[in-house]
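Next up, entry-v7.cif (mmCIF, C-alpha atoms):
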```cif
data_final
loop_
_atom_site.label_atom_id
_atom_site.label_comp_id
_atom_site.auth_asym_id
_atom_site.auth_seq_id
_atom_site.Cartn_x
_atom_site.Cartn_y
_atom_site.Cartn_z
CA MET A 1 0.00 0.00 0.00
CA ALA A 2 -2.00 7.25 -2.68
CA ALA A 3 1.47 7.43 -3.86
CA ARG A 4 2.29 5.09 -6.76
CA ARG A 5 3.11 1.93 -5.05
CA SER A 6 0.48 0.90 -4.97
CA ARG A 7 7.05 1.52 -5.89
CA LEU A 8 15.03 4.99 -9.62
CA GLY A 9 18.71 4.47 -10.58
CA GLY A 10 21.04 6.55 -12.54
CA ALA A 11 20.97 10.11 -11.41
CA LEU A 12 17.45 10.51 -12.83
CA LEU A 13 18.00 14.07 -13.86
CA PHE A 14 15.92 15.06 -16.81
CA VAL A 15 16.64 18.01 -19.09
CA LEU A 16 13.81 19.94 -20.55
CA VAL A 17 15.20 21.58 -23.64
CA ALA A 18 13.38 24.69 -24.78
CA GLY A 19 13.91 25.85 -28.30
CA CYS A 20 15.08 29.42 -28.67
CA GLY A 21 14.40 31.44 -31.75
CA GLY A 22 15.14 34.90 -33.02
CA ASN A 23 12.66 37.13 -34.75
CA GLY A 24 12.67 35.21 -37.98
CA GLY A 25 15.16 34.86 -40.79
CA GLY A 26 15.87 37.25 -43.60
CA ASP A 27 14.65 36.61 -47.13
CA ASP A 28 18.14 35.45 -48.03
CA GLY A 29 18.18 32.82 -45.31
CA SER A 30 20.43 34.78 -42.98
CA PRO A 31 19.51 35.03 -39.28
CA GLY A 32 17.42 38.03 -38.42
CA GLY A 33 16.67 39.87 -35.20
CA THR A 34 18.77 40.00 -32.06
CA ALA A 35 20.61 36.91 -30.81
CA THR A 36 19.26 35.53 -27.51
CA ALA A 37 21.33 33.67 -24.94
CA PRO A 38 20.10 30.12 -24.21
CA ALA A 39 17.85 29.84 -21.18
CA PRO A 40 19.18 27.89 -18.18
CA THR A 41 18.35 24.20 -18.45
CA PRO A 42 15.86 23.18 -15.74
CA THR A 43 16.07 19.79 -14.07
CA VAL A 44 13.48 17.53 -12.51
CA SER A 45 14.02 16.04 -9.06
CA ALA A 46 14.92 12.37 -9.03
CA GLY A 47 12.68 11.95 -6.01
CA ARG A 48 13.24 10.76 -2.48
CA ALA A 49 12.72 7.08 -1.72
CA PHE A 50 12.23 5.13 1.50
CA ALA A 51 12.56 1.34 1.77
CA VAL A 52 11.98 -1.04 4.68
CA GLY A 53 12.90 -4.60 5.51
CA LEU A 54 15.28 -6.69 7.54
CA SER A 55 17.69 -3.75 7.86
CA GLY A 56 15.06 -1.37 9.22
CA ILE A 57 14.38 1.82 7.25
CA LEU A 58 16.58 3.14 4.44
CA ARG A 59 16.41 6.45 2.58
CA SER A 60 17.63 7.60 -0.83
CA ASP A 61 17.85 11.27 -1.79
CA ASP A 62 18.71 10.57 -5.44
CA GLY A 63 15.68 8.58 -6.49
CA GLY A 64 16.98 5.19 -5.40
CA ARG A 65 20.50 5.30 -6.81
CA THR A 66 22.25 5.30 -3.41
CA TRP A 67 20.79 4.38 -0.04
CA SER A 68 21.67 5.14 3.60
CA ALA A 69 20.32 3.65 6.82
CA LEU A 70 18.12 5.73 9.10
CA SER A 71 18.00 5.35 12.86
CA GLU A 72 16.51 1.96 13.70
CA PRO A 73 13.06 2.52 15.26
CA GLY A 74 13.07 -0.96 16.82
CA TYR A 75 9.94 -2.86 17.85
CA GLY A 76 9.71 -5.64 15.27
CA LEU A 77 10.40 -6.25 11.60
CA VAL A 78 9.43 -3.20 9.55
CA ILE A 79 7.27 -4.43 6.66
CA GLY A 80 5.31 -1.50 5.15
CA VAL A 81 6.06 2.16 4.46
CA HIS A 82 4.28 5.16 2.94
CA PHE A 83 5.29 8.83 2.65
CA VAL A 84 2.98 11.65 1.59
CA ASP A 85 5.90 14.02 0.88
CA ARG A 86 9.66 14.18 1.38
CA MET A 87 9.35 14.72 5.13
CA THR A 88 6.14 13.07 6.38
CA GLY A 89 5.63 9.34 6.47
CA TRP A 90 4.72 6.19 8.35
CA ALA A 91 6.19 2.67 8.58
CA VAL A 92 4.63 -0.39 10.24
CA SER A 93 6.05 -3.55 11.82
CA ASP A 94 5.01 -7.12 12.52
CA ALA A 95 5.01 -6.38 16.27
CA GLY A 96 2.46 -3.58 16.18
CA GLY A 97 4.83 -0.65 15.68
CA ILE A 98 3.59 2.42 13.79
CA PHE A 99 6.59 4.66 13.20
CA HIS A 100 5.81 8.26 12.24
CA THR A 101 8.25 10.93 11.08
CA THR A 102 7.89 14.56 10.08
CA ASP A 103 11.58 15.21 9.39
CA GLY A 104 12.34 12.82 6.56
CA GLY A 105 13.22 9.92 8.83
CA GLN A 106 15.75 11.61 11.06
CA THR A 107 13.53 10.78 14.03
CA PHE A 108 10.49 8.54 14.54
CA SER A 109 7.72 8.40 17.12
CA ASN A 110 5.80 5.17 17.75
CA GLN A 111 2.02 5.46 17.38
CA GLY A 112 1.43 1.79 18.16
CA GLN A 113 -0.03 2.67 21.55
CA ASN A 114 -2.71 4.69 19.73
CA ILE A 115 -4.41 1.53 18.37
CA VAL A 116 -7.78 0.74 19.90
CA GLY A 117 -10.28 -2.00 19.15
CA VAL A 118 -7.90 -4.79 18.09
CA GLU A 119 -5.77 -7.23 20.03
CA ARG A 120 -2.20 -6.06 20.57
CA PRO A 121 0.53 -6.49 19.58
CA ALA A 122 -1.15 -6.51 16.19
CA PHE A 123 0.54 -7.90 13.10
CA LEU A 124 0.79 -4.81 10.83
CA ARG A 125 1.60 -5.38 7.15
CA ASP A 126 0.93 -2.26 5.05
CA VAL A 127 0.12 1.42 5.40
CA VAL A 128 -1.24 4.07 3.03
CA PHE A 129 -2.24 7.70 3.51
CA LEU A 130 -4.54 9.74 1.31
CA ASP A 131 -3.08 12.97 2.69
CA ALA A 132 -1.20 14.06 5.80
CA GLN A 133 -4.20 13.27 8.04
CA ARG A 134 -6.19 10.34 6.61
CA GLY A 135 -4.51 6.96 6.64
CA PHE A 136 -5.08 3.19 6.72
CA ILE A 137 -3.14 0.21 8.06
CA VAL A 138 -3.94 -3.45 7.35
CA GLY A 139 -2.87 -6.66 9.05
CA GLY A 140 -4.20 -9.36 11.35
CA GLU A 141 -4.68 -10.17 15.02
CA GLY A 142 -3.00 -13.59 14.89
CA PRO A 143 0.28 -14.69 16.55
CA VAL A 144 3.32 -12.63 15.66
CA ARG A 145 6.31 -14.13 13.82
CA VAL A 146 4.72 -17.55 13.40
CA PRO A 147 4.79 -19.06 9.88
CA ASP A 148 1.13 -20.07 10.06
CA PHE A 149 -0.13 -16.85 11.65
CA THR A 150 -3.86 -16.31 11.34
CA GLY A 151 -6.41 -13.50 11.44
CA PRO A 152 -8.95 -12.19 11.82
CA PRO A 153 -7.99 -9.36 9.49
CA PHE A 154 -8.43 -5.69 10.23
CA VAL A 155 -8.23 -2.29 8.56
CA LEU A 156 -7.19 0.50 10.93
CA VAL A 157 -8.29 4.05 10.14
CA THR A 158 -7.01 7.45 11.29
CA ALA A 159 -8.30 10.92 10.50
CA ASP A 160 -5.77 12.79 12.66
CA ALA A 161 -2.35 11.71 11.34
CA GLY A 162 -2.21 8.69 13.64
CA ALA A 163 -3.16 10.23 16.98
CA HIS A 164 -5.96 7.65 17.00
CA TRP A 165 -6.25 4.36 15.09
CA THR A 166 -9.61 2.54 15.08
CA PRO A 167 -10.82 -0.52 13.12
CA ALA A 168 -13.14 -0.22 10.14
CA ALA A 169 -16.09 -2.57 9.72
CA ILE A 170 -15.36 -5.93 8.03
CA PRO A 171 -18.42 -8.23 8.09
CA ARG A 172 -17.22 -11.84 8.38
CA GLY A 173 -19.72 -13.27 5.85
CA PRO A 174 -19.90 -16.88 4.64
CA ASN A 175 -16.27 -17.27 3.51
CA PRO A 176 -14.45 -19.33 6.19
CA ALA A 177 -11.05 -18.20 4.86
CA LEU A 178 -11.81 -14.61 5.81
CA ALA A 179 -11.65 -15.30 9.56
CA LYS A 180 -8.09 -16.62 9.20
CA ALA A 181 -6.80 -14.05 6.73
CA VAL A 182 -4.10 -11.48 7.38
CA LEU A 183 -4.30 -8.50 5.03
CA GLY A 184 -0.98 -7.62 3.42
CA SER A 185 -1.71 -4.58 1.25
CA VAL A 186 -4.15 -1.71 0.85
CA CYS A 187 -4.68 1.10 -1.67
CA PHE A 188 -7.25 3.71 -2.73
CA THR A 189 -8.35 5.29 -5.98
CA THR A 190 -8.81 9.04 -6.36
CA THR A 191 -12.55 8.54 -5.89
CA GLY A 192 -12.22 6.76 -2.53
CA ILE A 193 -12.57 3.15 -3.68
CA GLY A 194 -10.39 0.98 -1.44
CA LEU A 195 -8.84 -2.43 -2.13
CA ALA A 196 -7.16 -4.68 0.43
CA SER A 197 -5.65 -8.11 -0.17
CA GLY A 198 -4.09 -10.91 1.82
CA GLY A 199 -3.64 -14.59 1.04
CA SER A 200 -6.62 -15.64 -1.06
CA ILE A 201 -8.80 -12.79 0.26
CA LEU A 202 -9.77 -9.57 -1.53
CA LEU A 203 -11.75 -6.82 0.22
CA LEU A 204 -13.40 -3.76 -1.32
CA SER A 205 -14.54 -0.47 0.19
CA GLU A 206 -16.84 1.89 -1.68
CA ASP A 207 -17.16 4.53 1.05
CA GLY A 208 -13.63 5.77 1.58
CA GLY A 209 -12.53 2.93 3.84
CA ALA A 210 -15.21 3.03 6.54
CA ASN A 211 -16.76 -0.32 5.54
CA TRP A 212 -15.31 -3.31 3.68
CA GLN A 213 -16.83 -6.31 1.93
CA ASP A 214 -15.34 -9.63 0.83
CA ILE A 215 -15.29 -9.78 -2.99
CA THR A 216 -13.04 -12.82 -3.34
CA ASP A 217 -15.76 -14.67 -5.22
CA ARG A 218 -15.68 -12.04 -7.99
CA LEU A 219 -12.19 -13.09 -9.10
CA PRO A 220 -11.78 -15.44 -12.08
CA ALA A 221 -11.65 -19.05 -10.93
CA ALA A 222 -8.12 -20.48 -10.58
CA ALA A 223 -6.64 -17.43 -12.27
CA PRO A 224 -2.83 -17.71 -12.41
CA GLY A 225 -2.48 -13.94 -12.09
CA ALA A 226 -4.60 -13.62 -8.93
CA ALA A 227 -1.80 -13.01 -6.45
CA GLY A 228 0.11 -10.07 -5.15
CA LYS A 229 -0.45 -6.68 -3.57
CA ALA A 230 -3.43 -4.42 -4.20
CA VAL A 231 -2.84 -1.57 -6.64
CA CYS A 232 -5.27 1.31 -7.29
CA VAL A 233 -5.02 3.62 -10.29
CA GLY A 234 -6.96 6.76 -11.15
CA GLU A 235 -10.70 6.73 -10.50
CA ALA A 236 -11.67 3.06 -10.78
CA ASP A 237 -8.79 0.83 -12.00
CA LEU A 238 -7.84 -1.90 -9.55
CA TRP A 239 -5.16 -4.57 -9.81
CA ARG A 240 -4.00 -7.61 -7.89
CA GLY A 241 -1.09 -9.19 -9.68
CA LEU A 242 -2.28 -9.42 -13.29
CA ILE A 243 -5.97 -9.54 -12.36
CA HIS A 244 -7.62 -6.27 -13.35
CA SER A 245 -10.89 -4.45 -12.72
CA SER A 246 -11.69 -1.31 -14.70
CA ASP A 247 -15.05 -0.68 -13.01
CA GLY A 248 -14.14 -0.21 -9.37
CA GLY A 249 -14.09 -3.89 -8.43
CA ARG A 250 -17.43 -5.06 -9.80
CA THR A 251 -15.91 -7.32 -12.47
CA TRP A 252 -12.40 -8.76 -12.86
CA VAL A 253 -10.38 -10.10 -15.81
CA ASP A 254 -7.20 -12.18 -15.75
CA GLN A 255 -4.70 -10.44 -18.04
CA SER A 256 -1.78 -12.81 -17.53
CA ALA A 257 -2.27 -14.30 -21.02
CA GLY A 258 -0.58 -11.23 -22.49
CA ALA A 259 2.62 -11.81 -20.50
CA PRO A 260 5.65 -13.83 -21.65
CA PRO A 261 5.26 -17.46 -20.45
CA ASP A 262 7.05 -18.49 -17.25
CA GLU A 263 5.51 -21.23 -15.10
CA GLN A 264 7.71 -20.40 -12.10
CA ARG A 265 7.10 -16.66 -12.18
CA SER A 266 5.09 -14.91 -9.46
CA LEU A 267 4.33 -11.23 -9.95
CA GLY A 268 3.57 -9.96 -6.47
CA VAL A 269 3.90 -6.19 -6.94
CA ALA A 270 2.93 -3.62 -9.54
CA ALA A 271 2.95 0.13 -10.15
CA PHE A 272 0.83 2.12 -12.59
CA VAL A 273 1.16 5.79 -13.47
CA ASP A 274 -2.10 5.86 -15.44
CA SER A 275 -4.71 3.41 -16.68
CA LEU A 276 -2.47 2.21 -19.53
CA THR A 277 1.12 2.41 -18.30
CA GLY A 278 2.44 0.10 -15.62
CA TRP A 279 5.06 -2.35 -14.41
CA ALA A 280 4.77 -5.67 -12.57
CA ALA A 281 7.62 -7.42 -10.73
CA GLY A 282 8.27 -10.41 -8.51
CA HIS A 283 10.35 -13.57 -8.47
CA THR A 284 10.93 -16.75 -10.45
CA ALA A 285 13.43 -19.63 -10.30
CA PRO A 286 16.29 -19.02 -7.80
CA ASP A 287 18.93 -19.23 -10.56
CA ALA A 288 17.10 -16.80 -12.87
CA PRO A 289 16.93 -13.00 -12.83
CA PRO A 290 13.81 -11.57 -11.18
CA PRO A 291 11.06 -10.68 -13.64
CA ILE A 292 9.90 -7.16 -14.37
CA LEU A 293 7.23 -6.64 -17.02
CA HIS A 294 5.92 -3.45 -18.66
CA THR A 295 2.60 -2.61 -20.29
CA THR A 296 1.47 0.41 -22.26
CA ASP A 297 -2.02 -0.83 -23.12
CA GLY A 298 -3.63 -1.40 -19.75
CA GLY A 299 -2.28 -4.92 -19.29
CA ARG A 300 -3.49 -6.52 -22.49
CA ASN A 301 0.15 -7.08 -23.42
CA TRP A 302 3.26 -7.24 -21.24
CA VAL A 303 6.90 -6.98 -22.33
CA ALA A 304 9.80 -8.29 -20.24
CA GLN A 305 12.44 -5.75 -19.28
CA ALA A 306 16.05 -6.72 -18.63
CA LEU A 307 17.89 -6.11 -15.37
CA PRO A 308 21.71 -5.97 -15.27
CA ALA A 309 23.40 -9.26 -16.17
CA GLY A 310 23.91 -11.63 -13.26
CA THR A 311 21.07 -10.28 -11.15
CA LEU A 312 19.51 -12.87 -8.82
CA GLY A 313 16.85 -12.51 -6.14
CA GLY A 314 13.22 -11.49 -6.00
CA LEU A 315 11.68 -8.03 -6.29
CA SER A 316 9.28 -7.08 -3.50
CA ALA A 317 8.33 -3.51 -4.45
CA VAL A 318 8.27 -1.24 -7.48
CA ALA A 319 7.34 2.45 -7.73
CA PHE A 320 7.27 5.09 -10.46
CA LEU A 321 6.94 8.86 -10.31
CA ASP A 322 5.93 9.09 -13.96
CA ARG A 323 6.38 7.15 -17.19
CA VAL A 324 10.17 7.29 -17.04
CA ARG A 325 11.40 7.54 -13.42
CA GLY A 326 11.12 4.37 -11.37
CA VAL A 327 12.77 2.19 -8.74
CA THR A 328 12.44 -1.41 -7.59
CA VAL A 329 13.88 -3.21 -4.54
CA GLY A 330 13.97 -6.69 -3.02
CA GLY A 331 16.53 -9.42 -2.49
CA TYR A 332 17.05 -12.94 -1.12
CA GLN A 333 20.56 -13.05 0.39
CA GLY A 334 20.89 -9.28 0.69
CA ALA A 335 19.30 -6.06 -0.51
CA ILE A 336 19.03 -5.48 -4.25
CA GLY A 337 17.60 -2.50 -6.09
CA PHE A 338 17.52 -0.88 -9.50
CA THR A 339 16.55 2.48 -10.94
CA THR A 340 15.51 3.70 -14.35
CA GLN A 341 15.13 7.07 -16.01
CA ASP A 342 13.76 5.77 -19.32
CA GLY A 343 10.71 3.77 -18.31
CA GLY A 344 12.65 0.56 -17.81
CA GLU A 345 14.41 0.39 -21.16
CA SER A 346 17.52 0.25 -18.98
CA TRP A 347 17.89 -0.43 -15.24
CA VAL A 348 20.94 0.52 -13.14
CA ALA A 349 21.90 -1.27 -9.93
CA SER A 350 21.54 0.70 -6.70
CA SER A 351 24.20 1.09 -4.01
CA PHE A 352 23.35 0.00 -0.44
CA PRO A 353 25.14 0.17 2.91
CA GLN A 354 27.42 -2.79 3.51
CA GLY A 355 25.49 -5.77 4.84
CA ALA A 356 22.05 -4.40 3.92
CA GLU A 357 19.48 -7.18 4.10
CA PRO A 358 16.48 -7.87 1.81
CA LEU A 359 13.93 -5.10 1.41
CA LEU A 360 10.19 -5.63 1.59
CA ASP A 361 8.46 -2.37 0.68
CA LEU A 362 9.11 1.01 -0.91
CA SER A 363 7.71 4.53 -1.05
CA LEU A 364 8.76 7.11 -3.65
CA VAL A 365 7.89 10.83 -3.57
CA PRO A 366 8.94 13.74 -5.84
#
```
In structure tokens, write the structure found in this file.
Amino acid sequence: MAARRSRLGGALLFVLVAGCGGNGGGDDGSPGGTATAPAPTPTVSAGRAFAVGLSGILRSDDGGRTWSALSEPGYGLVIGVHFVDRMTGWAVSDAGGIFHTTDGGQTFSNQGQNIVGVERPAFLRDVVFLDAQRGFIVGGEGPVRVPDFTGPPFVLVTADAGAHWTPAAIPRGPNPALAKAVLGSVCFTTTGIGLASGGSILLLSEDGGANWQDITDRLPAAAPGAAGKAVCVGEADLWRGLIHSSDGGRTWVDQSAGAPPDEQRSLGVAAFVDSLTGWAAGHTAPDAPPPILHTTDGGRNWVAQALPAGTLGGLSAVAFLDRVRGVTVGGYQGAIGFTTQDGGESWVASSFPQGAEPLLDLSLVP
């Protein structure tokens, strides 16, 4: 789990070249008018990125090219992160920690004690904010750090920047899997449609996150693309893996048929900058480079993009600022990451602190 996580190498500096002209040429083809000095070349920020995982919280001030470790907030494994601007953000942990910063990660305060209405320590998995005040956290109330942890799931809501966190309504319904689910991701469209996913479960909110309903039965049966984190785009486009809804979650279509074949591939994360342009990433065989696919037609067709030769390990998050500037992170044995300034035509490996461990989530802001 809003910023395009829903989640850039090279220096990512873009030059906007403005043509300069005189006052027209003479009839003989010679320059006319008074010569004008070229205007200064503006640049576009590469963005600031934050990543979380086994090494705590990392920050990049050059759009993901180089990373540095922030002060370790402690209190569990940090799993999810979301920033609304370069200074203000939240990260959540598997031990119920909600780490809030207003100074770009120099310091954090723990809002975990502000949770009411769910058993603590809660297992927190993802966080998203619509602005600096309204935010959502998803997870489950099951045992912490146990491989077979169980629910029930919850969606926590705040309207005051985390001073209070209260659970939204999730009717249990007839699906027995819902009671044992732990939600792992959450997102919102610009119109307030919310999507939350975890395990085999998919929840939808049509009232800005106050109430949620189980829509798992709307997914295509046995769809190979029905896995991964929730992604929300524009007014009504929703994604989970390569399963897509263009009508706010009422109907869903599996669009994995347009991707290059790979039986071992799992695309767990995606990022879209508009309804047509997006990227999906994940993992495949241990001895193969992690997959990253790109679409420019709303997922009807996907094209594989190449990472630097010799890359191994899975990708756990991908984010883009626009159609050209993006970053992805992950890793198996240690942290890996890559950045692009050309929409993924080329990816450049990121630089991490020595000993940095695998990364699990990412937030990218201008």
> Do you know which residues are at most 9 Å from Leu315 (chain A) counting only C-alpha atoms, after dropping those on the same chain fewer than 3 positions away, and could you put them as a list in words?
Replying inline: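 In the requested format, the answer is Leu267, Gly268, Val269, Ala281, Gly282, His283, Pro290, Pro291, Ile292, Val318, Thr328, Val329, Gly330, Gly331, Tyr332, Ile336, Gly337, Leu359 and Leu360 of chain A.
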>> Running the PyMOL selection byres ((chain A and resi 256) around 12) on this model by hand, what would come out? Give it as a ChimeraX atom specification.
In response: /A:220,223-227,239-244,253-255,257-263,265-267,280,293,295,298-303
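If you apply the PyMOL selection byres ((chain A and resi 278) around 10) to this structure, you end up with Val233, Ala270, Ala271, Phe272, Val273, Asp274, Ser275, Leu276, Thr277, Trp279, Ala280, Leu293, His294, Thr295, Thr296, Asp297, Gly298, Gly299, Trp302, Ala319, Phe320, Asp322, Arg323 and Gly343 of chain A.
With all atoms listed in the file as the basis for measurement, A:Thr150 is the residue among A:Thr166, A:Thr150, A:Asn114, A:Thr158 that approaches Leu183 (chain A) most closely.
Take the candidates A:Gly184, A:Pro353, A:Gly135, A:Gly56 and check each one against Ala161 (chain A) using only C-alpha atoms; the shortest distance goes to A:Gly135.
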> Using only C-alpha atoms, which residue out of A:Pro152, A:Gly139, A:Leu124, A:His164 lies closest to Ala179 (chain A)?
Replying inline: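 Looking only at the distances to Ala179 (chain A), the closest residue turns out to be A:Pro152.
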>> At a cut-off of 10 Å, using only C-alpha atoms, what residues contact Gly117 (chain A)? Leave out same-chain residues fewer than 5 positions from it and give the result as a list in words.
In response: Phe154, Leu156, Trp165, Thr166, Pro167 and Ala168 of chain A
> Within 12 Å of Val127 (chain A), counting all atoms listed in the file, which residues qualify if same-chain residues fewer than 6 places away don't, as a PyMOL selection string?
Replying inline: chain A and resi 1-3+5-6+78-84+89-93+97-100+134-139+155-158+162+165+183-188+196+230+361-363
> What lies within 8 Å of Ser346 (chain A) using all atoms listed in the file, ignoring chain neighbours under 6 positions off, as a list of chain:residue names?
Replying inline: A:Gln305, A:Ala306, A:Leu307, A:Thr340
>> Please compute the CA of Gly199 (chain A)-CA of Val182 (chain A) distance, one decimal, in Å.
In response: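 One can read the CA of Gly199 (chain A) to CA of Val182 (chain A) distance as 7.1 Å.
Restricting the calculation to all atoms listed in the file, the smallest distance between Ala159 (chain A) and any of A:Asn175, A:Gly209, A:Ala181, A:Leu321 is found for A:Gly209.
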>> Can you measure CA of Ser350 (chain A) to CA of Trp67 (chain A) for me? One decimal in Å is fine.
In response: 7.6 Å
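Relative to CA of Ala95 (chain A), CA of Pro358 (chain A) is found at 18.5 Å.
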> From the list A:Gly140, A:Gly151, A:Gly74, A:Gly63, which residue is nearest Asn110 (chain A) when using all atoms listed in the file?
Replying inline: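 Nearest to Asn110 (chain A): A:Gly74.
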> Could you spell out the hits of the PyMOL selection byres ((chain A and resi 207) around 10) on the shown file, as a list of chain:residue names?
Replying inline: A:Thr191, A:Gly192, A:Ile193, A:Gly194, A:Leu204, A:Ser205, A:Glu206, A:Gly208, A:Gly209, A:Ala210, A:Asn211, A:Trp212
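When only C-alpha atoms are used to compute distances to Arg125 (chain A), the closest of the residues A:Pro171, A:Gly234, A:Gly96, A:Gly64 turns out to be A:Gly96.
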Quick one: 3 Å padding each side, axis-aligned, all listed atoms of region 162-165 of chain A - centre and edge lengths in Å to one decimal, as lines of an AutoDock Vina configuration file?
```
center_x = -4.2
center_y = 7.3
center_z = 15.3
size_x = 10.0
size_y = 11.9
size_z = 9.4
```
>> Give me the residues near Glu357 (chain A) as a list in words, where near means some atom within 6 Å (using all atoms listed in the file) and where sequence neighbours in that chain fewer than 3 positions away do not count.
In response: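 Near neighbours after the sequence-gap exclusion: Leu54, Ser55, Gly334 and Ala335 of chain A.
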Next, write the just-selected residues to a file, as a short mmCIF file (atom, residue, chain, number, x, y, z; two decimals), keeping the file's coordinate frame, keeping C-alpha atoms as the atom set.
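Generated file (part.cif):
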```cif
data_model
loop_
_atom_site.label_atom_id
_atom_site.label_comp_id
_atom_site.auth_asym_id
_atom_site.auth_seq_id
_atom_site.Cartn_x
_atom_site.Cartn_y
_atom_site.Cartn_z
CA LEU A 54 15.28 -6.69 7.54
CA SER A 55 17.69 -3.75 7.86
CA GLY A 334 20.89 -9.28 0.69
CA ALA A 335 19.30 -6.06 -0.51
#
```
